[in-house]
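Enquirer: Coordinates in target-v3.pdb, PDB, C-alpha atoms, are listed below.
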ATOM      1  CA  MET A   1     -81.080  -3.154  30.717  1.00  0.00           C
ATOM      2  CA  THR A   2     -80.479  -0.043  32.783  1.00  0.00           C
ATOM      3  CA  ASP A   3     -82.595   2.197  34.998  1.00  0.00           C
ATOM      4  CA  HIS A   4     -83.054   4.454  31.968  1.00  0.00           C
ATOM      5  CA  ASP A   5     -84.896   1.637  30.167  1.00  0.00           C
ATOM      6  CA  LEU A   6     -87.428   0.949  32.897  1.00  0.00           C
ATOM      7  CA  ILE A   7     -90.113   3.431  31.857  1.00  0.00           C
ATOM      8  CA  GLU A   8     -90.246   1.826  28.409  1.00  0.00           C
ATOM      9  CA  VAL A   9     -90.069  -1.680  29.886  1.00  0.00           C
ATOM     10  CA  VAL A  10     -93.147  -0.913  31.992  1.00  0.00           C
ATOM     11  CA  GLU A  11     -94.918   0.546  28.922  1.00  0.00           C
ATOM     12  CA  ILE A  12     -94.210  -2.645  26.972  1.00  0.00           C
ATOM     13  CA  GLU A  13     -95.275  -4.772  29.937  1.00  0.00           C
ATOM     14  CA  GLU A  14     -98.612  -2.940  30.139  1.00  0.00           C
ATOM     15  CA  SER A  15     -99.241  -3.057  26.387  1.00  0.00           C
ATOM     16  CA  CYS A  16     -98.571  -6.812  26.298  1.00  0.00           C
ATOM     17  CA  GLY A  17    -100.928  -7.572  29.171  1.00  0.00           C
ATOM     18  CA  LEU A  18     -98.166  -9.105  31.276  1.00  0.00           C
ATOM     19  CA  SER A  19     -98.370  -9.575  35.028  1.00  0.00           C
ATOM     20  CA  LEU A  20     -97.566  -6.071  36.161  1.00  0.00           C
ATOM     21  CA  TRP A  21     -94.255  -5.763  37.957  1.00  0.00           C
ATOM     22  CA  GLY A  22     -93.904  -2.026  37.615  1.00  0.00           C
ATOM     23  CA  TRP A  23     -90.851   0.216  37.804  1.00  0.00           C
ATOM     24  CA  ASP A  24     -89.942  -0.585  41.426  1.00  0.00           C
ATOM     25  CA  SER A  25     -89.896  -4.348  40.890  1.00  0.00           C
ATOM     26  CA  TYR A  26     -87.773  -4.118  37.744  1.00  0.00           C
ATOM     27  CA  HIS A  27     -85.408  -1.713  39.478  1.00  0.00           C
ATOM     28  CA  ALA A  28     -85.017  -4.102  42.433  1.00  0.00           C
ATOM     29  CA  GLU A  29     -84.413  -6.969  40.008  1.00  0.00           C
ATOM     30  CA  LEU A  30     -81.681  -4.999  38.227  1.00  0.00           C
ATOM     31  CA  LEU A  31     -79.799  -4.779  41.526  1.00  0.00           C
ATOM     32  CA  ARG A  32     -79.773  -8.555  42.061  1.00  0.00           C
ATOM     33  CA  PRO A  33     -76.514 -10.146  40.874  1.00  0.00           C
ATOM     34  CA  GLU A  34     -78.327 -13.313  39.773  1.00  0.00           C
ATOM     35  CA  SER A  35     -80.673 -11.412  37.447  1.00  0.00           C
ATOM     36  CA  ILE A  36     -80.308 -11.327  33.680  1.00  0.00           C
ATOM     37  CA  MET A  37     -82.181  -8.366  32.225  1.00  0.00           C
ATOM     38  CA  LEU A  38     -81.852  -7.765  28.483  1.00  0.00           C
ATOM     39  CA  VAL A  39     -83.417  -5.303  26.057  1.00  0.00           C
ATOM     40  CA  ALA A  40     -83.624  -5.064  22.285  1.00  0.00           C
ATOM     41  CA  ARG A  41     -83.108  -1.502  21.131  1.00  0.00           C
ATOM     42  CA  ARG A  42     -84.657  -0.357  17.912  1.00  0.00           C
ATOM     43  CA  ALA A  43     -82.747   1.718  15.415  1.00  0.00           C
ATOM     44  CA  VAL A  44     -84.110   5.054  14.287  1.00  0.00           C
ATOM     45  CA  ASP A  45     -87.275   4.375  12.320  1.00  0.00           C
ATOM     46  CA  SER A  46     -87.374   6.349   9.101  1.00  0.00           C
ATOM     47  CA  HIS A  47     -91.164   6.754   9.456  1.00  0.00           C
ATOM     48  CA  ASP A  48     -91.350   8.234  12.942  1.00  0.00           C
ATOM     49  CA  GLY A  49     -87.727   9.039  13.809  1.00  0.00           C
ATOM     50  CA  GLN A  50     -88.108   7.265  17.134  1.00  0.00           C
ATOM     51  CA  ARG A  51     -85.527   5.338  19.077  1.00  0.00           C
ATOM     52  CA  GLY A  52     -86.263   3.143  22.020  1.00  0.00           C
ATOM     53  CA  LEU A  53     -86.902  -0.417  23.019  1.00  0.00           C
ATOM     54  CA  GLY A  54     -88.475  -3.052  20.846  1.00  0.00           C
ATOM     55  CA  GLY A  55     -88.654  -5.566  23.671  1.00  0.00           C
ATOM     56  CA  PHE A  56     -87.167  -6.975  26.858  1.00  0.00           C
ATOM     57  CA  ILE A  57     -86.631 -10.170  28.806  1.00  0.00           C
ATOM     58  CA  ALA A  58     -86.168 -10.602  32.555  1.00  0.00           C
ATOM     59  CA  ALA A  59     -84.744 -13.780  34.064  1.00  0.00           C
ATOM     60  CA  ARG A  60     -83.050 -14.916  37.242  1.00  0.00           C
ATOM     61  CA  LEU A  61     -80.638 -17.709  38.085  1.00  0.00           C
ATOM     62  CA  VAL A  62     -81.990 -19.901  40.874  1.00  0.00           C
ATOM     63  CA  ALA A  63     -79.463 -22.641  41.694  1.00  0.00           C
ATOM     64  CA  GLU A  64     -78.973 -24.440  38.342  1.00  0.00           C
ATOM     65  CA  ASP A  65     -82.212 -23.149  36.824  1.00  0.00           C
ATOM     66  CA  LEU A  66     -82.705 -20.051  34.739  1.00  0.00           C
ATOM     67  CA  HIS A  67     -86.182 -18.792  35.602  1.00  0.00           C
ATOM     68  CA  ILE A  68     -87.628 -16.617  32.860  1.00  0.00           C
ATOM     69  CA  ASN A  69     -89.885 -14.115  34.595  1.00  0.00           C
ATOM     70  CA  ASN A  70     -91.111 -11.861  31.798  1.00  0.00           C
ATOM     71  CA  ILE A  71     -90.660 -11.302  28.101  1.00  0.00           C
ATOM     72  CA  GLY A  72     -92.372  -8.501  26.248  1.00  0.00           C
ATOM     73  CA  VAL A  73     -92.216  -7.186  22.696  1.00  0.00           C
ATOM     74  CA  ARG A  74     -93.857  -4.022  21.363  1.00  0.00           C
ATOM     75  CA  THR A  75     -96.829  -4.834  19.149  1.00  0.00           C
ATOM     76  CA  GLU A  76     -95.167  -3.444  16.023  1.00  0.00           C
ATOM     77  CA  PHE A  77     -92.177  -5.762  16.573  1.00  0.00           C
ATOM     78  CA  GLN A  78     -94.126  -8.953  17.218  1.00  0.00           C
ATOM     79  CA  ARG A  79     -93.965 -11.894  14.793  1.00  0.00           C
ATOM     80  CA  ILE A  80     -90.647 -10.832  13.244  1.00  0.00           C
ATOM     81  CA  GLY A  81     -88.330 -12.868  15.475  1.00  0.00           C
ATOM     82  CA  LEU A  82     -87.499 -10.330  18.171  1.00  0.00           C
ATOM     83  CA  GLY A  83     -88.993 -12.424  20.987  1.00  0.00           C
ATOM     84  CA  GLY A  84     -87.049 -15.438  19.758  1.00  0.00           C
ATOM     85  CA  SER A  85     -83.839 -13.409  19.629  1.00  0.00           C
ATOM     86  CA  LEU A  86     -84.337 -12.218  23.208  1.00  0.00           C
ATOM     87  CA  LEU A  87     -85.069 -15.775  24.329  1.00  0.00           C
ATOM     88  CA  THR A  88     -81.960 -17.113  22.559  1.00  0.00           C
ATOM     89  CA  ALA A  89     -79.819 -14.398  24.147  1.00  0.00           C
ATOM     90  CA  VAL A  90     -81.038 -15.085  27.680  1.00  0.00           C
ATOM     91  CA  LEU A  91     -80.645 -18.870  27.257  1.00  0.00           C
ATOM     92  CA  SER A  92     -77.075 -18.362  26.005  1.00  0.00           C
ATOM     93  CA  THR A  93     -76.316 -16.124  28.966  1.00  0.00           C
ATOM     94  CA  GLY A  94     -77.759 -18.770  31.279  1.00  0.00           C
ATOM     95  CA  VAL A  95     -75.456 -21.420  29.793  1.00  0.00           C
ATOM     96  CA  VAL A  96     -72.422 -19.181  30.324  1.00  0.00           C
ATOM     97  CA  GLN A  97     -73.501 -18.749  33.950  1.00  0.00           C
ATOM     98  CA  ASP A  98     -73.835 -22.541  34.425  1.00  0.00           C
ATOM     99  CA  ALA A  99     -77.602 -22.924  34.315  1.00  0.00           C
ATOM    100  CA  THR A 100     -78.594 -26.421  33.197  1.00  0.00           C
ATOM    101  CA  ALA A 101     -82.290 -25.758  32.529  1.00  0.00           C
ATOM    102  CA  ALA A 102     -84.659 -22.888  31.877  1.00  0.00           C
ATOM    103  CA  ILE A 103     -88.182 -22.765  33.244  1.00  0.00           C
ATOM    104  CA  LEU A 104     -91.093 -20.373  32.784  1.00  0.00           C
ATOM    105  CA  GLU A 105     -94.812 -19.895  33.279  1.00  0.00           C
ATOM    106  CA  VAL A 106     -97.089 -18.823  30.440  1.00  0.00           C
ATOM    107  CA  ARG A 107    -100.811 -18.121  30.371  1.00  0.00           C
ATOM    108  CA  ALA A 108    -102.756 -21.160  29.168  1.00  0.00           C
ATOM    109  CA  GLY A 109    -104.478 -18.998  26.568  1.00  0.00           C
ATOM    110  CA  ASN A 110    -101.264 -17.527  25.160  1.00  0.00           C
ATOM    111  CA  VAL A 111    -100.760 -20.092  22.414  1.00  0.00           C
ATOM    112  CA  VAL A 112     -98.517 -17.757  20.392  1.00  0.00           C
ATOM    113  CA  ALA A 113     -96.000 -17.564  23.255  1.00  0.00           C
ATOM    114  CA  GLN A 114     -96.280 -21.310  23.883  1.00  0.00           C
ATOM    115  CA  ALA A 115     -95.427 -21.955  20.224  1.00  0.00           C
ATOM    116  CA  LEU A 116     -92.385 -19.662  20.514  1.00  0.00           C
ATOM    117  CA  TYR A 117     -91.161 -21.548  23.561  1.00  0.00           C
ATOM    118  CA  GLU A 118     -91.743 -24.918  21.881  1.00  0.00           C
ATOM    119  CA  ARG A 119     -89.652 -23.770  18.897  1.00  0.00           C
ATOM    120  CA  HIS A 120     -86.851 -23.170  21.403  1.00  0.00           C
ATOM    121  CA  GLY A 121     -87.146 -26.679  22.838  1.00  0.00           C
ATOM    122  CA  PHE A 122     -89.403 -25.997  25.820  1.00  0.00           C
ATOM    123  CA  ALA A 123     -91.905 -28.685  26.783  1.00  0.00           C
ATOM    124  CA  THR A 124     -94.892 -28.517  29.118  1.00  0.00           C
ATOM    125  CA  ILE A 125     -94.141 -30.095  32.494  1.00  0.00           C
ATOM    126  CA  SER A 126     -97.187 -29.069  34.536  1.00  0.00           C
ATOM    127  CA  ARG A 127    -100.123 -26.726  34.948  1.00  0.00           C
ATOM    128  CA  ARG A 128    -100.905 -24.375  37.854  1.00  0.00           C
ATOM    129  CA  ARG A 129    -104.608 -23.734  38.276  1.00  0.00           C
ATOM    130  CA  ASN A 130    -105.725 -20.103  38.631  1.00  0.00           C
ATOM    131  CA  TYR A 131    -102.118 -18.861  38.777  1.00  0.00           C
ATOM    132  CA  TYR A 132    -102.731 -15.569  36.986  1.00  0.00           C
ATOM    133  CA  ARG A 133    -105.057 -12.753  38.007  1.00  0.00           C
ATOM    134  CA  GLN A 134    -106.781 -10.056  35.953  1.00  0.00           C
ATOM    135  CA  PRO A 135    -108.116 -12.233  34.412  1.00  0.00           C
ATOM    136  CA  THR A 136    -107.825 -15.445  36.367  1.00  0.00           C
ATOM    137  CA  GLU A 137    -106.139 -18.053  34.200  1.00  0.00           C
ATOM    138  CA  ASP A 138    -104.088 -21.223  34.524  1.00  0.00           C
ATOM    139  CA  ALA A 139    -100.329 -21.179  33.984  1.00  0.00           C
ATOM    140  CA  ILE A 140     -98.575 -23.705  31.799  1.00  0.00           C
ATOM    141  CA  ILE A 141     -95.134 -24.518  33.241  1.00  0.00           C
ATOM    142  CA  MET A 142     -92.539 -25.172  30.547  1.00  0.00           C
ATOM    143  CA  LYS A 143     -88.927 -26.296  30.793  1.00  0.00           C
ATOM    144  CA  VAL A 144     -85.951 -26.911  28.527  1.00  0.00           C
ATOM    145  CA  LEU A 145     -82.535 -28.409  29.275  1.00  0.00           C
ATOM    146  CA  ILE A 146     -79.870 -25.979  28.111  1.00  0.00           C
ATOM    147  CA  LYS A 147     -76.686 -27.610  29.382  1.00  0.00           C
ATOM    148  CA  GLU A 148     -75.628 -30.943  30.795  1.00  0.00           C
ATOM    149  CA  SER A 149     -75.329 -30.893  34.567  1.00  0.00           C
ATOM    150  CA  THR A 150     -71.824 -31.119  35.962  1.00  0.00           C
ATOM    151  CA  ALA A 151     -73.112 -32.182  39.383  1.00  0.00           C
ATOM    152  CA  PRO A 152     -71.899 -35.589  40.632  1.00  0.00           C
TER     153      PRO A 152
END
As a first step, turn the structure in this file into structure tokens.

Expert:
Amino acid sequence: MTDHDLIEVVEIEESCGLSLWGWDSYHAELLRPESIMLVARRAVDSHDGQRGLGGFIAARLVAEDLHINNIGVRTEFQRIGLGGSLLTAVLSTGVVQDATAAILEVRAGNVVAQALYERHGFATISRRRNYYRQPTEDAIIMKVLIKESTAP
């Protein structure tokens, strides 16, 4: 992900109903050395001739944990494996950078995303009441071990 991608990232974020970070927050995150920010670029579509982003994922290394902050996929690219590919890519990057686990929050009502995470080995570890706003909703906290710890 680069600064040039951020306008589209924010568009995807808004269309997916994600917690709104906005351009400034994504830009600040890009500058952090512990951040992993990936995009999936779409090839030229023969129907509309458009290029651009199909989706994105934003994560950050915090000690030995890879915290997945946001993942968004354009509506027309949902349910074809793009979200799973982004998730696989960020988990692989986390392993290379010595993360031992990945953790995320997901809206309690977002059962499609929860199913995606479960397919990638995530399990529910807790629930945070009223975590999300607009609308108010609980967060399901999910975690997966991605690498054996090397700590003594």

Enquirer: Determine, counting only C-alpha atoms, every residue of protein, DNA or RNA that lies within 12 Å of (-91.3, -1.8, 31.2) in the file coordinates, then give the result as a VMD selection string.

Expert: chain A and resid 1 to 27 37 to 39 52 to 58 70 to 74

Enquirer: Please save C-alpha atoms of the selected residues as a PDB file, in the coordinates of the input.

Expert:
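And here's out.pdb as it stands now:
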ATOM      1  CA  MET A   1     -81.080  -3.154  30.717  1.00  0.00           C
ATOM      2  CA  THR A   2     -80.479  -0.043  32.783  1.00  0.00           C
ATOM      3  CA  ASP A   3     -82.595   2.197  34.998  1.00  0.00           C
ATOM      4  CA  HIS A   4     -83.054   4.454  31.968  1.00  0.00           C
ATOM      5  CA  ASP A   5     -84.896   1.637  30.167  1.00  0.00           C
ATOM      6  CA  LEU A   6     -87.428   0.949  32.897  1.00  0.00           C
ATOM      7  CA  ILE A   7     -90.113   3.431  31.857  1.00  0.00           C
ATOM      8  CA  GLU A   8     -90.246   1.826  28.409  1.00  0.00           C
ATOM      9  CA  VAL A   9     -90.069  -1.680  29.886  1.00  0.00           C
ATOM     10  CA  VAL A  10     -93.147  -0.913  31.992  1.00  0.00           C
ATOM     11  CA  GLU A  11     -94.918   0.546  28.922  1.00  0.00           C
ATOM     12  CA  ILE A  12     -94.210  -2.645  26.972  1.00  0.00           C
ATOM     13  CA  GLU A  13     -95.275  -4.772  29.937  1.00  0.00           C
ATOM     14  CA  GLU A  14     -98.612  -2.940  30.139  1.00  0.00           C
ATOM     15  CA  SER A  15     -99.241  -3.057  26.387  1.00  0.00           C
ATOM     16  CA  CYS A  16     -98.571  -6.812  26.298  1.00  0.00           C
ATOM     17  CA  GLY A  17    -100.928  -7.572  29.171  1.00  0.00           C
ATOM     18  CA  LEU A  18     -98.166  -9.105  31.276  1.00  0.00           C
ATOM     19  CA  SER A  19     -98.370  -9.575  35.028  1.00  0.00           C
ATOM     20  CA  LEU A  20     -97.566  -6.071  36.161  1.00  0.00           C
ATOM     21  CA  TRP A  21     -94.255  -5.763  37.957  1.00  0.00           C
ATOM     22  CA  GLY A  22     -93.904  -2.026  37.615  1.00  0.00           C
ATOM     23  CA  TRP A  23     -90.851   0.216  37.804  1.00  0.00           C
ATOM     24  CA  ASP A  24     -89.942  -0.585  41.426  1.00  0.00           C
ATOM     25  CA  SER A  25     -89.896  -4.348  40.890  1.00  0.00           C
ATOM     26  CA  TYR A  26     -87.773  -4.118  37.744  1.00  0.00           C
ATOM     27  CA  HIS A  27     -85.408  -1.713  39.478  1.00  0.00           C
ATOM     28  CA  MET A  37     -82.181  -8.366  32.225  1.00  0.00           C
ATOM     29  CA  LEU A  38     -81.852  -7.765  28.483  1.00  0.00           C
ATOM     30  CA  VAL A  39     -83.417  -5.303  26.057  1.00  0.00           C
ATOM     31  CA  GLY A  52     -86.263   3.143  22.020  1.00  0.00           C
ATOM     32  CA  LEU A  53     -86.902  -0.417  23.019  1.00  0.00           C
ATOM     33  CA  GLY A  54     -88.475  -3.052  20.846  1.00  0.00           C
ATOM     34  CA  GLY A  55     -88.654  -5.566  23.671  1.00  0.00           C
ATOM     35  CA  PHE A  56     -87.167  -6.975  26.858  1.00  0.00           C
ATOM     36  CA  ILE A  57     -86.631 -10.170  28.806  1.00  0.00           C
ATOM     37  CA  ALA A  58     -86.168 -10.602  32.555  1.00  0.00           C
ATOM     38  CA  ASN A  70     -91.111 -11.861  31.798  1.00  0.00           C
ATOM     39  CA  ILE A  71     -90.660 -11.302  28.101  1.00  0.00           C
ATOM     40  CA  GLY A  72     -92.372  -8.501  26.248  1.00  0.00           C
ATOM     41  CA  VAL A  73     -92.216  -7.186  22.696  1.00  0.00           C
ATOM     42  CA  ARG A  74     -93.857  -4.022  21.363  1.00  0.00           C
TER      43      ARG A  74
END

Enquirer: Just the residues within 7 Å of A:Ile141, please, counting only C-alpha atoms, with nothing from its chain fewer than 5 positions along; format it as an MDAnalysis selection string.

Expert: chainID A and resid 104:106 124:127

Enquirer: Between atom CA of A:Ser85 and atom CA of A:Arg41, what is the spacing in Å?

Expert: 12.0 Å

Enquirer: Could you state which residues are captured by the PyMOL selection byres ((chain A and resi 66-69) around 6) in this file, as a ChimeraX atom specification?

Expert: /A:58-61,65,70,99,102-104

Enquirer: With distances taken over all atoms listed in the file, which residue among A:Gly94, A:Ala63, A:Gln134, A:Leu82 lies nearest A:Arg42?

Expert: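 Once distances to A:Arg42 are computed over all atoms listed in the file, the minimum belongs to A:Leu82.
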
Enquirer: Rounded to one decimal in Å, what is the spacing between atom CA of A:Asn130 and atom CA of A:Val62?

Expert: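 These two atoms are separated by 23.8 Å.
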
Enquirer: Measure the distance from atom CA of A:Tyr117 to atom CA of A:Asp98 in Å and round it to one decimal.

Expert: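 If I compute the distance from atom CA of A:Tyr117 to atom CA of A:Asp98, I get 20.5 Å.
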
Enquirer: Using only C-alpha atoms, can you tell me which of A:Lys143, A:Glu118, A:Glu64, A:Glu137 comes closest to A:Val96?

Expert: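 Counting only C-alpha atoms, the residue closest to A:Val96 is A:Glu64.
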
Enquirer: Leaving out A:Val112 and any residue of its chain fewer than 6 positions from it, which residues lie within 12 Å of it when counting all atoms listed in the file, given as a ChimeraX atom specification?

Expert: /A:78-79,83-84,106,118-119

Enquirer: When distances are computed from only C-alpha atoms, which of A:Gly81, A:Gln114, A:Val144, A:Gln97 shows the smallest separation from A:Glu34?

Expert: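 Closest to A:Glu34, using only C-alpha atoms: A:Gln97.
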
Enquirer: Which is closer to A:Phe77 than all the others in A:Ala115, A:Ala40, A:Ser92, A:Asp138, using all atoms listed in the file?

Expert: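 Residue with the minimum atom-to-atom distance to A:Phe77: A:Ala40.
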
Enquirer: Find, counting only C-alpha atoms, the residue in A:Ala101, A:Thr88, A:Gly109, A:Ile146 that gets nearest to A:Tyr132.

Expert: A:Gly109

Enquirer: Find the axis-aligned box for stretch 53-72 of chain A, covering all its listed atoms and adding 3 Å on each side, and write its centre and edge lengths in Å to one decimal as lines of an AutoDock Vina configuration file.

Expert:
center_x = -85.7
center_y = -12.4
center_z = 31.3
size_x = 19.4
size_y = 30.0
size_z = 26.8
